[in-house]
>>> print(open('run19.csv').read())   # CSV, C-alpha atoms
chain,number,residue,atom,x,y,z
A,1,GLU,CA,-37.3,22.2,-11.9
A,2,PRO,CA,-37.1,22.2,-15.7
A,3,GLU,CA,-40.5,21.8,-17.5
A,4,VAL,CA,-41.9,21.6,-20.9
A,5,THR,CA,-43.7,24.7,-22.0
A,6,GLN,CA,-46.3,25.2,-24.8
A,7,THR,CA,-47.7,28.2,-26.5
A,8,PRO,CA,-50.3,29.4,-27.0
A,9,SER,CA,-52.4,28.0,-24.2
A,10,HIS,CA,-55.5,28.4,-26.4
A,11,GLN,CA,-55.8,29.0,-30.1
A,12,VAL,CA,-59.0,29.7,-32.0
A,13,THR,CA,-58.8,29.4,-35.8
A,14,GLN,CA,-61.2,29.1,-38.7
A,15,MET,CA,-61.6,25.9,-40.7
A,16,GLY,CA,-59.0,25.7,-43.5
A,17,GLN,CA,-56.5,27.9,-41.8
A,18,GLU,CA,-53.0,26.8,-40.9
A,19,VAL,CA,-51.9,26.7,-37.3
A,20,ILE,CA,-48.6,26.2,-35.6
A,21,LEU,CA,-48.4,24.9,-32.1
A,22,ARG,CA,-45.2,25.6,-30.3
A,23,CYS,CA,-43.3,23.6,-27.6
A,24,VAL,CA,-40.1,24.1,-25.7
A,25,PRO,CA,-38.9,20.7,-24.5
A,26,ILE,CA,-36.6,20.3,-21.5
A,27,SER,CA,-33.1,21.4,-22.6
A,28,ASN,CA,-31.2,18.1,-22.4
A,29,HIS,CA,-34.0,16.0,-23.8
A,30,LEU,CA,-33.6,14.4,-27.2
A,31,TYR,CA,-36.9,12.7,-27.9
A,32,PHE,CA,-40.0,14.7,-28.6
A,33,TYR,CA,-43.7,13.8,-28.9
A,34,TRP,CA,-47.0,15.2,-29.8
A,35,TYR,CA,-50.3,13.8,-28.4
A,36,ARG,CA,-53.8,15.0,-28.7
A,37,GLN,CA,-56.9,14.6,-26.7
A,38,ILE,CA,-60.3,15.3,-28.2
A,39,LEU,CA,-62.8,16.5,-25.5
A,40,GLY,CA,-64.1,13.5,-23.5
A,41,GLN,CA,-61.8,11.0,-25.2
A,42,LYS,CA,-58.5,9.4,-24.5
A,43,VAL,CA,-55.1,10.9,-25.0
A,44,GLU,CA,-53.7,9.7,-28.4
A,45,PHE,CA,-50.2,9.5,-29.7
A,46,LEU,CA,-49.6,11.5,-32.9
A,47,VAL,CA,-45.9,11.5,-33.6
A,48,SER,CA,-42.4,11.0,-32.2
A,49,PHE,CA,-39.3,12.9,-33.3
A,50,TYR,CA,-35.6,12.1,-32.7
A,51,ASN,CA,-32.4,13.3,-34.4
A,52,ASN,CA,-34.3,15.7,-36.6
A,53,GLU,CA,-36.6,13.2,-38.1
A,54,ILE,CA,-39.9,11.5,-37.4
A,55,SER,CA,-39.3,8.1,-35.7
A,56,GLU,CA,-43.0,7.0,-35.6
A,57,LYS,CA,-46.4,8.5,-36.5
A,58,SER,CA,-49.9,7.3,-36.0
A,59,GLU,CA,-52.6,7.0,-38.6
A,60,ILE,CA,-54.0,10.3,-37.3
A,61,PHE,CA,-50.8,12.1,-38.4
A,62,ASP,CA,-51.6,12.5,-42.1
A,63,ASP,CA,-50.3,14.8,-44.7
A,64,GLN,CA,-52.0,17.8,-43.1
A,65,PHE,CA,-49.7,17.5,-40.1
A,66,SER,CA,-46.0,18.2,-39.9
A,67,VAL,CA,-43.4,18.6,-37.2
A,68,GLU,CA,-40.2,20.6,-37.1
A,69,ARG,CA,-37.4,21.5,-34.7
A,70,PRO,CA,-36.5,24.9,-36.3
A,71,ASP,CA,-33.8,25.7,-33.8
A,72,GLY,CA,-32.1,24.2,-30.7
A,73,SER,CA,-35.0,24.8,-28.4
A,74,ASN,CA,-38.4,24.8,-30.1
A,75,PHE,CA,-40.5,21.9,-31.4
A,76,THR,CA,-43.5,22.7,-33.5
A,77,LEU,CA,-46.6,21.0,-34.8
A,78,LYS,CA,-48.2,22.5,-37.9
A,79,ILE,CA,-51.6,21.7,-39.2
A,80,ARG,CA,-51.9,22.9,-42.8
A,81,SER,CA,-55.6,23.2,-43.3
A,82,THR,CA,-57.5,22.8,-40.1
A,83,LYS,CA,-60.8,20.8,-39.9
A,84,LEU,CA,-63.5,21.0,-37.2
A,85,GLU,CA,-62.4,17.6,-36.0
A,86,ASP,CA,-58.9,18.9,-35.2
A,87,SER,CA,-60.4,20.7,-32.2
A,88,ALA,CA,-58.6,19.1,-29.3
A,89,MET,CA,-56.0,19.6,-26.6
A,90,TYR,CA,-52.5,19.1,-28.0
A,91,PHE,CA,-49.8,18.0,-25.6
A,92,CYS,CA,-46.1,18.1,-26.3
A,93,ALA,CA,-43.8,15.7,-24.3
A,94,SER,CA,-40.1,15.1,-24.2
A,95,TYR,CA,-37.6,12.7,-22.5
A,96,ARG,CA,-33.9,12.1,-22.3
A,97,SER,CA,-32.4,8.8,-23.2
A,98,GLY,CA,-32.4,6.1,-20.5
A,99,SER,CA,-35.3,7.1,-18.4
A,100,TYR,CA,-38.3,6.5,-20.7
A,101,GLU,CA,-40.3,8.9,-18.5
A,102,GLN,CA,-41.9,11.6,-20.7
A,103,TYR,CA,-42.5,15.0,-19.3
A,104,PHE,CA,-45.6,16.6,-20.6
A,105,GLY,CA,-46.3,20.3,-21.3
A,106,PRO,CA,-49.5,22.0,-20.1
A,107,GLY,CA,-51.2,21.6,-23.5
A,108,THR,CA,-52.6,23.9,-26.2
A,109,ARG,CA,-56.3,23.9,-26.6
A,110,LEU,CA,-57.1,24.3,-30.3
A,111,THR,CA,-60.6,25.3,-31.3
A,112,VAL,CA,-61.5,25.2,-35.0
A,113,THR,CA,-64.7,27.1,-35.9
B,1,LYS,CA,-51.7,-3.9,-30.7
B,2,GLN,CA,-51.5,-2.7,-27.1
B,3,GLU,CA,-54.7,-1.6,-25.6
B,4,VAL,CA,-55.2,0.0,-22.1
B,5,THR,CA,-58.5,-0.2,-20.2
B,6,GLN,CA,-59.5,1.4,-17.0
B,7,ILE,CA,-62.2,0.3,-14.7
B,8,PRO,CA,-64.4,1.8,-13.4
B,9,ALA,CA,-65.0,4.7,-15.8
B,10,ALA,CA,-66.4,6.8,-13.0
B,11,LEU,CA,-66.4,6.5,-9.2
B,12,SER,CA,-68.1,8.6,-6.5
B,13,VAL,CA,-67.1,8.0,-2.9
B,14,PRO,CA,-67.5,9.8,0.4
B,15,GLU,CA,-64.5,11.6,1.9
B,16,GLY,CA,-62.1,9.5,3.9
B,17,GLU,CA,-62.6,6.3,2.0
B,18,ASN,CA,-59.7,4.2,0.7
B,19,LEU,CA,-60.2,3.4,-3.0
B,20,VAL,CA,-58.6,1.4,-5.8
B,21,LEU,CA,-58.5,2.3,-9.5
B,22,ASN,CA,-57.7,-0.4,-12.0
B,23,CYS,CA,-55.7,-0.4,-15.2
B,24,SER,CA,-55.2,-3.3,-17.5
B,25,PHE,CA,-53.1,-3.7,-20.7
B,26,THR,CA,-53.1,-6.4,-23.3
B,27,ASP,CA,-49.4,-6.8,-24.0
B,28,SER,CA,-47.2,-7.4,-21.1
B,29,ALA,CA,-44.0,-6.2,-22.9
B,30,ILE,CA,-44.0,-2.8,-21.4
B,31,TYR,CA,-41.2,-0.5,-20.3
B,32,ASN,CA,-43.1,1.7,-17.8
B,33,LEU,CA,-46.5,2.2,-16.5
B,34,GLN,CA,-47.4,5.7,-15.3
B,35,TRP,CA,-50.4,7.2,-13.5
B,36,PHE,CA,-51.5,10.7,-14.2
B,37,ARG,CA,-54.1,13.0,-12.8
B,38,GLN,CA,-56.1,15.4,-15.1
B,39,ASP,CA,-58.3,18.1,-13.8
B,40,PRO,CA,-61.1,19.3,-16.2
B,41,GLY,CA,-59.8,21.1,-19.2
B,42,LYS,CA,-56.2,20.9,-17.8
B,43,GLY,CA,-53.0,19.1,-18.5
B,44,LEU,CA,-51.5,15.9,-17.2
B,45,THR,CA,-49.9,15.8,-13.8
B,46,SER,CA,-47.6,12.8,-13.3
B,47,LEU,CA,-48.4,10.9,-10.1
B,48,LEU,CA,-46.3,7.7,-10.1
B,49,LEU,CA,-44.1,5.9,-12.6
B,50,ILE,CA,-43.4,2.2,-12.2
B,51,GLN,CA,-40.6,0.7,-14.3
B,52,SER,CA,-41.2,-2.7,-15.7
B,53,SER,CA,-38.7,-4.3,-13.2
B,54,GLN,CA,-40.6,-2.8,-10.2
B,55,ARG,CA,-43.7,-4.0,-8.4
B,56,GLU,CA,-44.9,-0.9,-6.8
B,57,GLN,CA,-44.3,2.8,-6.1
B,58,THR,CA,-45.5,5.0,-3.3
B,59,SER,CA,-46.0,8.8,-3.0
B,60,GLY,CA,-47.8,10.1,0.1
B,61,ARG,CA,-51.3,8.7,0.1
B,62,LEU,CA,-50.9,7.0,-3.3
B,63,ASN,CA,-49.6,3.6,-4.0
B,64,ALA,CA,-49.4,2.0,-7.4
B,65,SER,CA,-48.7,-1.6,-8.1
B,66,LEU,CA,-47.8,-3.4,-11.3
B,67,ASP,CA,-48.3,-7.0,-12.2
B,68,LYS,CA,-46.8,-7.3,-15.7
B,69,SER,CA,-47.6,-11.0,-16.2
B,70,SER,CA,-51.3,-10.4,-15.7
B,71,GLY,CA,-51.3,-7.1,-17.5
B,72,ARG,CA,-52.6,-5.1,-14.5
B,73,SER,CA,-51.9,-2.1,-12.4
B,74,THR,CA,-53.8,-0.6,-9.5
B,75,LEU,CA,-53.7,2.8,-8.0
B,76,TYR,CA,-54.6,2.9,-4.3
B,77,ILE,CA,-55.6,6.2,-2.8
B,78,ALA,CA,-55.8,6.3,1.0
B,79,ALA,CA,-58.1,8.5,3.0
B,80,SER,CA,-59.6,10.2,-0.1
B,81,GLN,CA,-60.2,14.0,0.0
B,82,PRO,CA,-62.4,16.3,-2.1
B,83,GLY,CA,-59.2,17.7,-3.6
B,84,ASP,CA,-58.5,14.2,-5.1
B,85,SER,CA,-61.5,14.7,-7.4
B,86,ALA,CA,-60.2,14.5,-11.0
B,87,THR,CA,-59.7,12.0,-13.8
B,88,TYR,CA,-57.0,9.5,-13.3
B,89,LEU,CA,-55.2,8.1,-16.4
B,90,CYS,CA,-52.8,5.3,-16.7
B,91,ALA,CA,-50.4,4.9,-19.6
B,92,VAL,CA,-47.9,2.3,-20.7
B,93,THR,CA,-44.8,2.7,-22.8
B,94,THR,CA,-43.9,0.0,-25.3
B,95,GLY,CA,-41.0,-0.9,-27.5
B,96,THR,CA,-41.2,2.4,-29.5
B,97,TYR,CA,-41.4,4.4,-26.3
B,98,LYS,CA,-44.6,6.2,-27.1
B,99,TYR,CA,-47.3,6.3,-24.4
B,100,ILE,CA,-50.5,4.5,-24.8
B,101,PHE,CA,-53.2,5.9,-22.6
B,102,GLY,CA,-56.3,4.4,-21.0
B,103,THR,CA,-59.7,6.1,-21.1
B,104,GLY,CA,-59.4,7.2,-17.5
B,105,THR,CA,-61.4,6.9,-14.3
B,106,ARG,CA,-63.4,10.0,-13.3
B,107,LEU,CA,-63.3,10.3,-9.5
B,108,LYS,CA,-65.5,12.4,-7.4
B,109,VAL,CA,-64.9,12.6,-3.6
B,110,LEU,CA,-67.8,13.9,-1.7
B,111,ALA,CA,-67.3,16.1,1.3
>>> encode(input="run19.csv", output="structure tokens")
Amino acid sequence: EPEVTQTPSHQVTQMGQEVILRCVPISNHLYFYWYRQILGQKVEFLVSFYNNEISEKSEIFDDQFSVERPDGSNFTLKIRSTKLEDSAMYFCASYRSGSYEQYFGPGTRLTVT
Amino acid sequence: KQEVTQIPAALSVPEGENLVLNCSFTDSAIYNLQWFRQDPGKGLTSLLLIQSSQREQTSGRLNASLDKSSGRSTLYIAASQPGDSATYLCAVTTGTYKYIFGTGTRLKVLA
């Protein structure tokens, strides 16, 4: 069964460094999402992406964040200058038109020291 | 603004009990409601998805119901087992298709 994959599973970085989190959505899906979950808190929407552009973003998704689909398979989330409060689990999700069910990846745990 | 609340926040039950987890949402204009399971430090495992036109979905020992008009969903777990111990999340999708998650119910089933 097709699944969403994410790499790396765990990333440790120092404050102020740039990080790129990678996702490979299911191949025939056209809508892509990033969510994050700070430890002990709820899962929060960050951004949605369709047709090579952002369709919606939350107030969390400020200028430090960017998303890109650099090729036909990858979907990336970049954080330009990480802060301690960016430490969280980041989930990628995708869905195809018509079903509305999003399929989630296993997550990348980002630790900012 | 859509808000999703789950009650109780935590629940501890002896093995074999039937239990009900509750999810409520403030805006009834949803497309789907989905229940997930999350083990500590892990990802999201989809359990059941109920489309807005449906009233319930069943999978094995799990049954989820949806009452859009009252803004409520329940997840019923029959004959609970220690392996059911996890956090259960509900999420709704709205007009922009993003998921809005509740804070979860942390379930512990005692052997």
>>> atom_distance(input="run19.csv", atom1="CA of Cys23 (chain A)", atom2="CA of Thr94 (chain B)")
23.7 Å
>>> closest_residue(input="run19.csv", among="B:Ser73, B:Ser28, B:Thr45, B:Gln54", to="chain A", atoms="all atoms listed in the file")
B:Thr45
>>> closest_residue(input="run19.csv", among="A:Gln102, A:Ser73, A:Ser66, A:Gln6", to="Val47 (chain A)", atoms="only C-alpha atoms")
A:Ser66
>>> interface_residues(input="run19.csv", of="chain A", to="chain B", cutoff="8 Å", atoms="all atoms listed in the file", output="tab-separated table (two decimals) with C-alpha atoms, in the frame of the given file")
chain	number	residue	atom	x	y	z
A	33	TYR	CA	-43.70	13.80	-28.90
A	41	GLN	CA	-61.80	11.00	-25.20
A	42	LYS	CA	-58.50	9.40	-24.50
A	43	VAL	CA	-55.10	10.90	-25.00
A	44	GLU	CA	-53.70	9.70	-28.40
A	45	PHE	CA	-50.20	9.50	-29.70
A	48	SER	CA	-42.40	11.00	-32.20
A	56	GLU	CA	-43.00	7.00	-35.60
A	91	PHE	CA	-49.80	18.00	-25.60
A	100	TYR	CA	-38.30	6.50	-20.70
A	101	GLU	CA	-40.30	8.90	-18.50
A	104	PHE	CA	-45.60	16.60	-20.60
A	105	GLY	CA	-46.30	20.30	-21.30
A	106	PRO	CA	-49.50	22.00	-20.10
A	107	GLY	CA	-51.20	21.60	-23.50
>>> atom_distance(input="run19.csv", atom1="CA of Arg80 (chain A)", atom2="CA of Gln64 (chain A)")
5.1 Å
>>> atom_distance(input="run19.csv", atom1="CA of Asp67 (chain B)", atom2="CA of Leu107 (chain B)")
23.1 Å
>>> residues_around(input="run19.csv", residues="region 16-20 of chain B", least_positions_apart="5", cutoff="10 Å", atoms="only C-alpha atoms", output="MDAnalysis selection string")
chainID B and resid 7:8 11 61:64 74:82 107 109:111
>>> closest_residue(input="run19.csv", among="B:Arg72, B:Ala29, B:Val4, B:Asp39", to="Arg55 (chain B)", atoms="only C-alpha atoms")
B:Arg72
>>> residues_around(input="run19.csv", residues="Leu48 (chain B)", least_positions_apart="6", cutoff="8 Å", atoms="only C-alpha atoms", output="MDAnalysis selection string")
chainID B and resid 34:36 57:59 64
>>> residues_around(input="run19.csv", residues="Phe32 (chain A)", least_positions_apart="5", cutoff="6 Å", atoms="all atoms listed in the file", output="list of chain:residue names")
A:Ser48, A:Phe49, A:Ala93, A:Ser94
>>> residues_near_point(input="run19.csv", point="(-62.7, 25.5, -34.4)", cutoff="10 Å", atoms="only C-alpha atoms", output="MDAnalysis selection string")
chainID A and resid 11:17 82:88 110:113
>>> residues_around(input="run19.csv", residues="Leu46 (chain A)", least_positions_apart="5", cutoff="6 Å", atoms="all atoms listed in the file", output="list in words")
Trp34, Tyr35, Lys57, Ser58 and Phe61 of chain A
>>> closest_residue(input="run19.csv", among="B:Val92, B:Leu66, B:Leu21, B:Ala86", to="Gln38 (chain B)", atoms="all atoms listed in the file")
B:Ala86
